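**Student:** query.pdb is reproduced in full below (PDB, C-alpha atoms).
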```
ATOM      1  CA  MET A   1     -21.727 -34.363   1.907
ATOM      2  CA  ARG A   2     -19.229 -34.970  -0.850
ATOM      3  CA  ASP A   3     -20.753 -32.390  -3.178
ATOM      4  CA  LYS A   4     -20.312 -29.726  -0.580
ATOM      5  CA  LYS A   5     -16.633 -30.472  -0.229
ATOM      6  CA  VAL A   6     -16.118 -30.400  -3.974
ATOM      7  CA  GLN A   7     -18.039 -27.152  -4.208
ATOM      8  CA  LYS A   8     -15.851 -25.635  -1.510
ATOM      9  CA  MET A   9     -12.675 -26.668  -3.300
ATOM     10  CA  VAL A  10     -13.833 -25.373  -6.647
ATOM     11  CA  THR A  11     -14.935 -22.070  -5.125
ATOM     12  CA  ALA A  12     -11.577 -21.650  -3.398
ATOM     13  CA  ALA A  13      -9.638 -22.487  -6.568
ATOM     14  CA  LEU A  14     -11.719 -20.182  -8.752
ATOM     15  CA  PHE A  15     -11.470 -17.209  -6.441
ATOM     16  CA  THR A  16      -7.771 -17.720  -5.835
ATOM     17  CA  GLY A  17      -7.208 -17.826  -9.583
ATOM     18  CA  ALA A  18      -9.252 -14.687 -10.060
ATOM     19  CA  ALA A  19      -7.405 -12.877  -7.252
ATOM     20  CA  ILE A  20      -4.004 -13.758  -8.698
ATOM     21  CA  LEU A  21      -5.129 -12.737 -12.162
ATOM     22  CA  PHE A  22      -6.483  -9.374 -10.976
ATOM     23  CA  GLY A  23      -3.179  -8.752  -9.212
ATOM     24  CA  TYR A  24      -1.279  -9.677 -12.356
ATOM     25  CA  VAL A  25      -3.349  -7.444 -14.644
ATOM     26  CA  GLU A  26      -2.327  -4.571 -12.418
ATOM     27  CA  THR A  27       1.366  -5.198 -13.052
ATOM     28  CA  LEU A  28       0.696  -4.768 -16.789
ATOM     29  CA  LEU A  29      -0.131  -1.082 -16.425
ATOM     30  CA  PRO A  30       2.033   0.762 -18.922
ATOM     31  CA  ILE A  31       2.744   3.690 -16.578
ATOM     32  CA  PRO A  32       4.282   2.815 -13.224
ATOM     33  CA  LEU A  33       2.492   4.462 -10.321
ATOM     34  CA  PRO A  34       4.884   7.144  -9.050
ATOM     35  CA  VAL A  35       5.107   6.107  -5.384
ATOM     36  CA  PRO A  36       6.518   2.826  -4.050
ATOM     37  CA  GLY A  37       3.747   0.640  -2.666
ATOM     38  CA  MET A  38       1.035   2.430  -4.613
ATOM     39  CA  LYS A  39      -1.392   0.086  -6.323
ATOM     40  CA  LEU A  40      -4.940  -0.142  -7.565
ATOM     41  CA  GLY A  41      -5.751  -3.129  -5.369
ATOM     42  CA  LEU A  42      -7.808  -4.938  -7.986
ATOM     43  CA  ALA A  43      -7.148  -8.262  -6.242
ATOM     44  CA  ASN A  44      -9.289  -6.980  -3.402
ATOM     45  CA  ILE A  45     -12.324  -7.264  -5.697
ATOM     46  CA  ALA A  46     -11.883 -11.044  -5.625
ATOM     47  CA  VAL A  47     -11.167 -11.083  -1.885
ATOM     48  CA  LEU A  48     -14.329  -9.047  -1.183
ATOM     49  CA  ALA A  49     -16.375 -11.307  -3.439
ATOM     50  CA  VAL A  50     -15.199 -14.411  -1.620
ATOM     51  CA  LEU A  51     -15.716 -12.745   1.783
ATOM     52  CA  TYR A  52     -19.331 -11.955   0.960
ATOM     53  CA  THR A  53     -20.193 -15.206  -0.792
ATOM     54  CA  ALA A  54     -18.148 -17.822   1.071
ATOM     55  CA  GLY A  55     -17.280 -16.168   4.385
ATOM     56  CA  PRO A  56     -14.211 -14.945   6.275
ATOM     57  CA  GLY A  57     -12.443 -18.319   6.511
ATOM     58  CA  MET A  58     -12.369 -18.749   2.764
ATOM     59  CA  ALA A  59     -11.378 -15.096   2.272
ATOM     60  CA  VAL A  60      -8.323 -15.565   4.502
ATOM     61  CA  ALA A  61      -7.338 -18.761   2.691
ATOM     62  CA  VAL A  62      -7.736 -17.244  -0.786
ATOM     63  CA  ASP A  63      -5.812 -14.086   0.093
ATOM     64  CA  LEU A  64      -2.920 -15.917   1.743
ATOM     65  CA  VAL A  65      -2.492 -18.257  -1.225
ATOM     66  CA  ARG A  66      -2.689 -15.251  -3.572
ATOM     67  CA  ILE A  67       0.046 -13.410  -1.672
ATOM     68  CA  LEU A  68       2.263 -16.488  -1.582
ATOM     69  CA  VAL A  69       1.869 -17.214  -5.302
ATOM     70  CA  ASN A  70       2.391 -13.545  -6.241
ATOM     71  CA  GLY A  71       5.518 -13.481  -4.098
ATOM     72  CA  LEU A  72       6.909 -16.576  -5.782
ATOM     73  CA  MET A  73       6.040 -15.468  -9.315
ATOM     74  CA  PHE A  74       6.315 -11.678  -9.424
ATOM     75  CA  THR A  75       7.177  -9.623  -6.397
ATOM     76  CA  GLY A  76      10.116 -11.362  -4.687
ATOM     77  CA  LEU A  77      10.887 -11.499  -0.964
ATOM     78  CA  TYR A  78      10.421  -7.822  -0.131
ATOM     79  CA  GLY A  79       7.248  -7.540  -2.123
ATOM     80  CA  PHE A  80       6.023 -10.680  -0.402
ATOM     81  CA  LEU A  81       6.678  -9.293   3.084
ATOM     82  CA  PHE A  82       4.928  -6.022   2.241
ATOM     83  CA  SER A  83       1.938  -7.825   0.740
ATOM     84  CA  LEU A  84       1.721 -10.216   3.665
ATOM     85  CA  ALA A  85       1.729  -7.420   6.243
ATOM     86  CA  GLY A  86      -0.747  -5.369   4.221
ATOM     87  CA  GLY A  87      -2.930  -8.373   3.467
ATOM     88  CA  ALA A  88      -3.082  -9.508   7.097
ATOM     89  CA  VAL A  89      -4.068  -6.087   8.474
ATOM     90  CA  SER A  90      -6.498  -5.519   5.618
ATOM     91  CA  LEU A  91      -8.225  -8.895   6.101
ATOM     92  CA  LEU A  92      -8.541  -8.313   9.827
ATOM     93  CA  VAL A  93     -10.147  -4.895   9.345
ATOM     94  CA  MET A  94     -12.444  -6.052   6.534
ATOM     95  CA  ILE A  95     -13.635  -9.131   8.427
ATOM     96  CA  LEU A  96     -14.370  -7.100  11.565
ATOM     97  CA  LEU A  97     -16.341  -4.495   9.608
ATOM     98  CA  TYR A  98     -18.137  -7.182   7.590
ATOM     99  CA  ARG A  99     -19.063  -9.077  10.760
ATOM    100  CA  SER A 100     -20.385  -5.905  12.397
ATOM    101  CA  GLY A 101     -23.065  -5.766   9.725
ATOM    102  CA  LYS A 102     -23.103  -1.992   9.909
ATOM    103  CA  PHE A 103     -21.292  -1.226   6.671
ATOM    104  CA  GLY A 104     -21.794  -1.801   2.958
ATOM    105  CA  VAL A 105     -19.215  -3.319   0.612
ATOM    106  CA  THR A 106     -17.767   0.111  -0.200
ATOM    107  CA  GLY A 107     -16.992   0.967   3.421
ATOM    108  CA  VAL A 108     -15.444  -2.448   4.052
ATOM    109  CA  SER A 109     -13.374  -2.158   0.875
ATOM    110  CA  THR A 110     -12.134   1.370   1.596
ATOM    111  CA  ALA A 111     -11.141   0.627   5.191
ATOM    112  CA  GLY A 112      -9.432  -2.542   3.955
ATOM    113  CA  ALA A 113      -7.468  -0.664   1.294
ATOM    114  CA  LEU A 114      -6.278   1.908   3.826
ATOM    115  CA  ALA A 115      -5.406  -0.826   6.336
ATOM    116  CA  HIS A 116      -3.344  -2.551   3.639
ATOM    117  CA  GLN A 117      -1.220   0.565   3.178
ATOM    118  CA  ALA A 118      -0.850   1.006   6.953
ATOM    119  CA  GLY A 119       0.361  -2.590   7.296
ATOM    120  CA  GLN A 120       2.840  -2.149   4.441
ATOM    121  CA  ILE A 121       4.296   1.053   5.839
ATOM    122  CA  LEU A 122       4.630  -0.377   9.342
ATOM    123  CA  VAL A 123       6.742  -3.198   7.917
ATOM    124  CA  ALA A 124       8.698  -0.783   5.711
ATOM    125  CA  VAL A 125      10.001   1.239   8.680
ATOM    126  CA  PRO A 126      12.099  -1.572  10.201
ATOM    127  CA  LEU A 127      12.934  -3.069   6.795
ATOM    128  CA  LEU A 128      14.340   0.180   5.430
ATOM    129  CA  GLY A 129      15.673   1.334   8.803
ATOM    130  CA  SER A 130      14.166   4.771   8.302
ATOM    131  CA  GLN A 131      11.165   6.560   9.730
ATOM    132  CA  ALA A 132      11.153   8.733   6.641
ATOM    133  CA  VAL A 133       9.107   6.118   4.755
ATOM    134  CA  LEU A 134       6.208   7.046   7.034
ATOM    135  CA  GLY A 135       5.996  10.139   4.849
ATOM    136  CA  LEU A 136       4.668   7.976   2.018
ATOM    137  CA  PHE A 137       1.627   6.971   4.062
ATOM    138  CA  PRO A 138      -0.634  10.007   3.544
ATOM    139  CA  VAL A 139      -0.159   9.853  -0.235
ATOM    140  CA  LEU A 140      -0.630   6.094  -0.353
ATOM    141  CA  GLY A 141      -3.569   6.364   2.047
ATOM    142  CA  ALA A 142      -5.348   9.047   0.036
ATOM    143  CA  PHE A 143      -4.897   6.980  -3.118
ATOM    144  CA  ALA A 144      -6.125   3.881  -1.251
ATOM    145  CA  ILE A 145      -9.324   5.662  -0.197
ATOM    146  CA  VAL A 146     -10.113   6.486  -3.833
ATOM    147  CA  THR A 147      -9.244   3.016  -5.175
ATOM    148  CA  GLY A 148     -11.006   1.407  -2.198
ATOM    149  CA  ILE A 149     -14.243   3.165  -3.126
ATOM    150  CA  VAL A 150     -13.936   2.136  -6.778
ATOM    151  CA  THR A 151     -13.038  -1.509  -6.046
ATOM    152  CA  GLY A 152     -15.787  -1.627  -3.419
ATOM    153  CA  LEU A 153     -18.425  -0.462  -5.898
ATOM    154  CA  THR A 154     -17.096  -2.924  -8.471
ATOM    155  CA  ALA A 155     -17.058  -5.797  -5.979
ATOM    156  CA  ALA A 156     -20.611  -5.001  -4.856
ATOM    157  CA  GLY A 157     -21.787  -5.238  -8.454
ATOM    158  CA  LEU A 158     -19.982  -8.550  -8.840
ATOM    159  CA  ILE A 159     -21.292  -9.990  -5.560
ATOM    160  CA  ARG A 160     -24.879  -9.321  -6.596
ATOM    161  CA  HIS A 161     -24.405 -11.551  -9.613
ATOM    162  CA  LEU A 162     -22.704 -14.406  -7.785
ATOM    163  CA  PRO A 163     -24.587 -17.313  -6.248
ATOM    164  CA  LYS A 164     -24.317 -17.389  -2.492
ATOM    165  CA  GLY A 165     -21.946 -20.251  -1.672
ATOM    166  CA  GLU A 166     -21.897 -22.395   1.411
ATOM    167  CA  LYS A 167     -20.292 -20.787   4.420
ATOM    168  CA  VAL A 168     -16.973 -22.379   5.312
TER     169      VAL A 168
ATOM    170  CA  MET I   1     -34.020 -19.583  -3.812
ATOM    171  CA  LYS I   2     -33.114 -19.589  -0.186
ATOM    172  CA  GLY I   3     -29.866 -17.701  -0.624
ATOM    173  CA  SER I   4     -31.218 -14.878  -2.746
ATOM    174  CA  GLY I   5     -32.836 -12.951   0.102
ATOM    175  CA  ARG I   6     -29.527 -12.828   1.886
ATOM    176  CA  ARG I   7     -27.631 -11.864  -1.239
ATOM    177  CA  ASN I   8     -29.928  -8.966  -1.993
ATOM    178  CA  ALA I   9     -29.284  -7.785   1.533
ATOM    179  CA  VAL I  10     -25.673  -7.064   0.545
ATOM    180  CA  LYS I  11     -25.507  -3.293   0.469
ATOM    181  CA  THR I  12     -23.224  -1.490  -1.943
ATOM    182  CA  ILE I  13     -22.961   1.648   0.124
ATOM    183  CA  LYS I  14     -24.674   2.800   3.288
ATOM    184  CA  LYS I  15     -24.741   6.041   5.216
ATOM    185  CA  ALA I  16     -22.351   4.423   7.703
ATOM    186  CA  ASP I  17     -19.856   3.891   4.853
ATOM    187  CA  ILE I  18     -19.824   7.580   3.991
ATOM    188  CA  ILE I  19     -19.265   8.475   7.643
ATOM    189  CA  LEU I  20     -16.528   5.838   7.900
ATOM    190  CA  ILE I  21     -14.756   7.103   4.782
ATOM    191  CA  ALA I  22     -14.988  10.709   5.985
ATOM    192  CA  VAL I  23     -13.523   9.735   9.368
ATOM    193  CA  LEU I  24     -10.693   7.784   7.702
ATOM    194  CA  ALA I  25      -9.890  10.745   5.458
ATOM    195  CA  GLY I  26      -9.877  13.028   8.501
ATOM    196  CA  VAL I  27      -7.521  10.753  10.428
ATOM    197  CA  LEU I  28      -5.254  10.616   7.388
ATOM    198  CA  ALA I  29      -5.166  14.417   7.207
ATOM    199  CA  VAL I  30      -4.192  14.630  10.893
ATOM    200  CA  ILE I  31      -1.423  12.055  10.343
ATOM    201  CA  ALA I  32      -0.195  14.105   7.370
ATOM    202  CA  LEU I  33       0.009  17.257   9.517
ATOM    203  CA  LEU I  34       1.885  15.407  12.289
ATOM    204  CA  LEU I  35       4.367  13.951   9.794
ATOM    205  CA  ALA I  36       4.897  17.328   8.128
ATOM    206  CA  ASP I  37       5.605  18.775  11.559
ATOM    207  CA  ARG I  38       8.342  16.168  12.044
ATOM    208  CA  GLN I  39       9.809  16.892   8.581
ATOM    209  CA  ILE I  40       8.822  13.463   7.303
ATOM    210  CA  LEU I  41       6.324  14.803   4.808
ATOM    211  CA  ALA I  42       6.277  17.852   2.556
ATOM    212  CA  LEU I  43       3.048  19.809   2.328
ATOM    213  CA  PRO I  44       2.485  22.345  -0.477
ATOM    214  CA  GLY I  45       3.843  25.172   1.711
ATOM    215  CA  SER I  46       7.021  23.360   2.806
ATOM    216  CA  ARG I  47      10.222  25.361   2.377
ATOM    217  CA  GLN I  48      13.443  24.615   0.565
ATOM    218  CA  GLY I  49      15.542  22.219   2.676
ATOM    219  CA  ALA I  50      19.186  22.475   3.719
ATOM    220  CA  GLN I  51      20.376  18.892   3.945
ATOM    221  CA  VAL I  52      20.039  15.568   2.226
ATOM    222  CA  GLU I  53      19.659  12.600   4.550
ATOM    223  CA  ILE I  54      20.458   9.331   2.825
ATOM    224  CA  THR I  55      19.635   6.062   4.581
ATOM    225  CA  LEU I  56      20.959   2.969   2.850
ATOM    226  CA  GLU I  57      20.136  -0.307   4.611
ATOM    227  CA  GLY I  58      19.639   1.488   7.906
ATOM    228  CA  ARG I  59      22.837   3.585   7.820
ATOM    229  CA  THR I  60      22.295   7.316   7.519
ATOM    230  CA  THR I  61      24.622   9.886   5.974
ATOM    231  CA  LEU I  62      24.040  13.630   5.635
ATOM    232  CA  TYR I  63      24.990  15.820   2.674
ATOM    233  CA  PRO I  64      24.598  19.563   2.193
ATOM    234  CA  LEU I  65      21.917  20.368  -0.358
ATOM    235  CA  ASP I  66      23.730  23.461  -1.642
ATOM    236  CA  ARG I  67      26.877  21.648  -2.787
ATOM    237  CA  ASP I  68      26.633  19.828  -6.102
ATOM    238  CA  ALA I  69      27.618  16.175  -5.944
ATOM    239  CA  ARG I  70      27.161  12.943  -7.798
ATOM    240  CA  PHE I  71      27.734   9.493  -6.376
ATOM    241  CA  THR I  72      26.699   5.903  -6.815
ATOM    242  CA  LEU I  73      25.329   3.956  -3.859
ATOM    243  CA  THR I  74      25.750   0.199  -3.797
ATOM    244  CA  ALA I  75      23.437  -1.948  -1.678
ATOM    245  CA  SER I  76      24.699  -5.204  -0.171
ATOM    246  CA  SER I  77      22.661  -7.030  -2.822
ATOM    247  CA  GLY I  78      24.895  -5.367  -5.438
ATOM    248  CA  GLY I  79      22.113  -3.060  -6.632
ATOM    249  CA  THR I  80      23.074   0.526  -7.420
ATOM    250  CA  ASN I  81      21.433   3.951  -7.404
ATOM    251  CA  THR I  82      23.129   7.028  -8.791
ATOM    252  CA  VAL I  83      22.263  10.116  -6.750
ATOM    253  CA  VAL I  84      22.813  13.624  -8.096
ATOM    254  CA  ILE I  85      22.683  16.786  -5.984
ATOM    255  CA  LYS I  86      22.519  19.806  -8.241
ATOM    256  CA  ASP I  87      21.168  23.357  -7.953
ATOM    257  CA  GLY I  88      19.600  22.640  -4.556
ATOM    258  CA  GLU I  89      17.752  19.559  -5.784
ATOM    259  CA  VAL I  90      18.342  15.819  -5.378
ATOM    260  CA  ARG I  91      17.343  13.110  -7.753
ATOM    261  CA  VAL I  92      18.121   9.502  -8.537
ATOM    262  CA  THR I  93      19.293   9.542 -12.136
ATOM    263  CA  GLU I  94      20.018   5.867 -12.611
ATOM    264  CA  ALA I  95      19.067   2.663 -10.813
ATOM    265  CA  ASP I  96      19.109  -1.031 -11.596
ATOM    266  CA  CYS I  97      16.114  -1.928  -9.436
ATOM    267  CA  PRO I  98      13.256  -3.615 -11.323
ATOM    268  CA  ASP I  99      10.620  -0.875 -11.076
ATOM    269  CA  ARG I 100      12.876   2.228 -11.115
ATOM    270  CA  ILE I 101      10.242   4.159  -9.169
ATOM    271  CA  CYS I 102      13.086   6.065  -7.451
ATOM    272  CA  VAL I 103      14.050   7.532 -10.846
ATOM    273  CA  THR I 104      10.415   8.215 -11.738
ATOM    274  CA  MET I 105       9.916  10.132  -8.468
ATOM    275  CA  GLY I 106      12.049  12.936  -9.919
ATOM    276  CA  ALA I 107      13.841  15.754  -8.113
ATOM    277  CA  ILE I 108      13.147  16.797  -4.518
ATOM    278  CA  SER I 109      14.228  19.964  -2.716
ATOM    279  CA  ARG I 110      11.675  20.864  -0.039
ATOM    280  CA  THR I 111      11.864  19.872   3.622
ATOM    281  CA  GLY I 112      10.165  16.526   4.239
ATOM    282  CA  GLN I 113      10.230  15.312   0.646
ATOM    283  CA  THR I 114      11.484  11.763   0.136
ATOM    284  CA  ILE I 115      12.638   9.409  -2.587
ATOM    285  CA  VAL I 116      12.398   5.724  -1.754
ATOM    286  CA  CYS I 117      13.899   2.695  -3.485
ATOM    287  CA  MET I 118      12.321  -0.268  -1.717
ATOM    288  CA  PRO I 119      14.336  -3.037  -3.409
ATOM    289  CA  HIS I 120      17.661  -1.468  -2.386
ATOM    290  CA  GLN I 121      16.439  -0.312   1.050
ATOM    291  CA  LEU I 122      17.290   3.274   0.187
ATOM    292  CA  VAL I 123      15.542   6.347   1.565
ATOM    293  CA  ILE I 124      16.532   9.899   0.600
ATOM    294  CA  ARG I 125      14.972  12.704   2.590
ATOM    295  CA  ILE I 126      15.323  16.475   2.639
ATOM    296  CA  THR I 127      15.671  18.050   6.057
ATOM    297  CA  SER I 128      15.995  21.652   7.143
ATOM    298  CA  ASP I 129      18.682  21.407   9.798
ATOM    299  CA  GLU I 130      20.563  18.787  11.740
ATOM    300  CA  GLN I 131      19.682  19.322  15.399
ATOM    301  CA  GLU I 132      15.972  19.414  14.835
ATOM    302  CA  ILE I 133      15.818  15.994  13.229
ATOM    303  CA  ASP I 134      18.113  14.243  15.658
ATOM    304  CA  GLY I 135      16.115  15.661  18.534
ATOM    305  CA  VAL I 136      12.951  14.134  17.127
ATOM    306  CA  ALA I 137      14.263  10.877  15.763
ATOM    307  CA  GLN I 138      16.191   9.764  18.840
TER     308      GLN I 138
END
```
Turn the structure described in the file into structure tokens.
**Tutor:**
Amino acid sequence: MRDKKVQKMVTAALFTGAAILFGYVETLLPIPLPVPGMKLGLANIAVLAVLYTAGPGMAVAVDLVRILVNGLMFTGLYGFLFSLAGGAVSLLVMILLYRSGKFGVTGVSTAGALAHQAGQILVAVPLLGSQAVLGLFPVLGAFAIVTGIVTGLTAAGLIRHLPKGEKV
Amino acid sequence: MKGSGRRNAVKTIKKADIILIAVLAGVLAVIALLLADRQILALPGSRQGAQVEITLEGRTTLYPLDRDARFTLTASSGGTNTVVIKDGEVRVTEADCPDRICVTMGAISRTGQTIVCMPHQLVIRITSDEQEIDGVAQ
């Protein structure tokens, strides 16, 4: 059906826009977070919303486009590589937990946030040529657990108000 | 609506989530202890270090922490970080990276503490003594 295809495209465009915007808002914070790689992960609100309303396929598509656009516009090559590694691991973990049906949005979000930091750090070790960056992980991870809970609660509230889209 | 039943089934937080989060936090704590043991992380009780290990683009140089020094590191991209060792502490005082997080991170002096400048591929770490680290890292 043509309408379905259009609906799919519009959903993808809207969520991608929202994800990029959430990520951008974060860069406007007046105080830089004191550890490299530390972030609020607001973009994950959009990724969670699309995961729950349009399914894993659309979530992967939206997140990959978001990471690519952010890399081109704001973060540069290194930022792009870190985001890509983090995003890939995070998506994998979130989709598996979502599919299991055993967890709520908050659990999926928190595990995803932590997985994002793990992916980033694993790429940082060879990129920086130093195991010492592993030392950042517990701090980043602890922060990710807190932000993951908050973004998860926020995303759950958002998802409840969104119409359930067609699965892709 | 057909979809609404499904949508209402979306749970914000379940008991399983709380267990999951607790397990993740526990795993993180264990990782922190392991890293602290390998002098890659400083815990509140960590002692004053003896050496400064500077890794710039994968090449590592060691400096004594008790001898004051000031030098400027230049990455192959042309980016610079000015490192100051003074009174048993190390800090990055100036940098031309975009976020300047390395400057914001302040001074470090205890074993396992690090300063990282991602854009310039620079890692500064405090270690206690040479043999121990090489034994672990290699």
**Student:** Would you translate the PyMOL selection byres ((chain A) within 9 of (chain I)) into the concrete set of residues it matches in this file, as a PyMOL selection string?
**Tutor:** chain A and resi 32-37+52-53+78-79+102-108+110-111+114+124+126-139+141-142+145+149+152-153+155-157+159-165
**Student:** Could the centre and edge lengths of an axis-aligned box, enclosing all atoms of segment 68-77 of chain I in the file with 3 Å extra on each side, be given in Å to one decimal as JSON?
**Tutor:**
```
{"center_x": 25.2, "center_y": 6.4, "center_z": -4.0, "size_x": 11.1, "size_y": 32.9, "size_z": 13.6}
```
**Student:** Quick one, how far is atom CA of Cys97 of chain I from atom CA of Asn81 of chain I?
**Tutor:**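 Between atom CA of Cys97 of chain I and atom CA of Asn81 of chain I the gap is 8.2 Å.
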**Student:** To one decimal in Å, tell me the separation between atom CA of Val125 of chain A and atom CA of Val52 of chain I.
**Tutor:**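 Between atom CA of Val125 of chain A and atom CA of Val52 of chain I the gap is 18.6 Å.
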**Student:** Provide the atom CA of Gln51 of chain I to atom CA of Ile121 of chain A distance in Å, to one decimal place.
**Tutor:**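 Here the two named atoms are 24.1 Å from each other.
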**Student:** Taking into account all atoms listed in the file, which residue in the set A:Ala59, A:Val47, A:Met73, A:Leu68 is nearest to Ala113 of chain A?
**Tutor:** A:Val47
**Student:** Taking the file as shown, what set of residues would the PyMOL selection byres ((chain I and resi 64-79) around 7) give back, as a count of residues only?
**Tutor:** 18
**Student:** Given the file above and the PyMOL selection byres ((chain A and resi 65) around 12), which residues are selected, and can you give them as a PDB file with C-alpha atoms, in the frame of the given file?
**Tutor:**
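Wrote out-v5.pdb, looks like this:
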```pdb
ATOM      1  CA  ALA A  12     -11.577 -21.650  -3.398  1.00  0.00           C
ATOM      2  CA  ALA A  13      -9.638 -22.487  -6.568  1.00  0.00           C
ATOM      3  CA  PHE A  15     -11.470 -17.209  -6.441  1.00  0.00           C
ATOM      4  CA  THR A  16      -7.771 -17.720  -5.835  1.00  0.00           C
ATOM      5  CA  GLY A  17      -7.208 -17.826  -9.583  1.00  0.00           C
ATOM      6  CA  ALA A  18      -9.252 -14.687 -10.060  1.00  0.00           C
ATOM      7  CA  ALA A  19      -7.405 -12.877  -7.252  1.00  0.00           C
ATOM      8  CA  ILE A  20      -4.004 -13.758  -8.698  1.00  0.00           C
ATOM      9  CA  VAL A  47     -11.167 -11.083  -1.885  1.00  0.00           C
ATOM     10  CA  MET A  58     -12.369 -18.749   2.764  1.00  0.00           C
ATOM     11  CA  ALA A  59     -11.378 -15.096   2.272  1.00  0.00           C
ATOM     12  CA  VAL A  60      -8.323 -15.565   4.502  1.00  0.00           C
ATOM     13  CA  ALA A  61      -7.338 -18.761   2.691  1.00  0.00           C
ATOM     14  CA  VAL A  62      -7.736 -17.244  -0.786  1.00  0.00           C
ATOM     15  CA  ASP A  63      -5.812 -14.086   0.093  1.00  0.00           C
ATOM     16  CA  LEU A  64      -2.920 -15.917   1.743  1.00  0.00           C
ATOM     17  CA  ARG A  66      -2.689 -15.251  -3.572  1.00  0.00           C
ATOM     18  CA  ILE A  67       0.046 -13.410  -1.672  1.00  0.00           C
ATOM     19  CA  LEU A  68       2.263 -16.488  -1.582  1.00  0.00           C
ATOM     20  CA  VAL A  69       1.869 -17.214  -5.302  1.00  0.00           C
ATOM     21  CA  ASN A  70       2.391 -13.545  -6.241  1.00  0.00           C
ATOM     22  CA  GLY A  71       5.518 -13.481  -4.098  1.00  0.00           C
ATOM     23  CA  LEU A  72       6.909 -16.576  -5.782  1.00  0.00           C
ATOM     24  CA  PHE A  80       6.023 -10.680  -0.402  1.00  0.00           C
ATOM     25  CA  SER A  83       1.938  -7.825   0.740  1.00  0.00           C
ATOM     26  CA  LEU A  84       1.721 -10.216   3.665  1.00  0.00           C
ATOM     27  CA  GLY A  87      -2.930  -8.373   3.467  1.00  0.00           C
TER      28      GLY A  87
END
```
**Student:** Name all residues at most 6 Å from Gln120 of chain A (count all atoms listed in the file; drop same-chain ones fewer than 4 positions away) and give them as a ChimeraX atom specification.
**Tutor:** /A:82,85-86
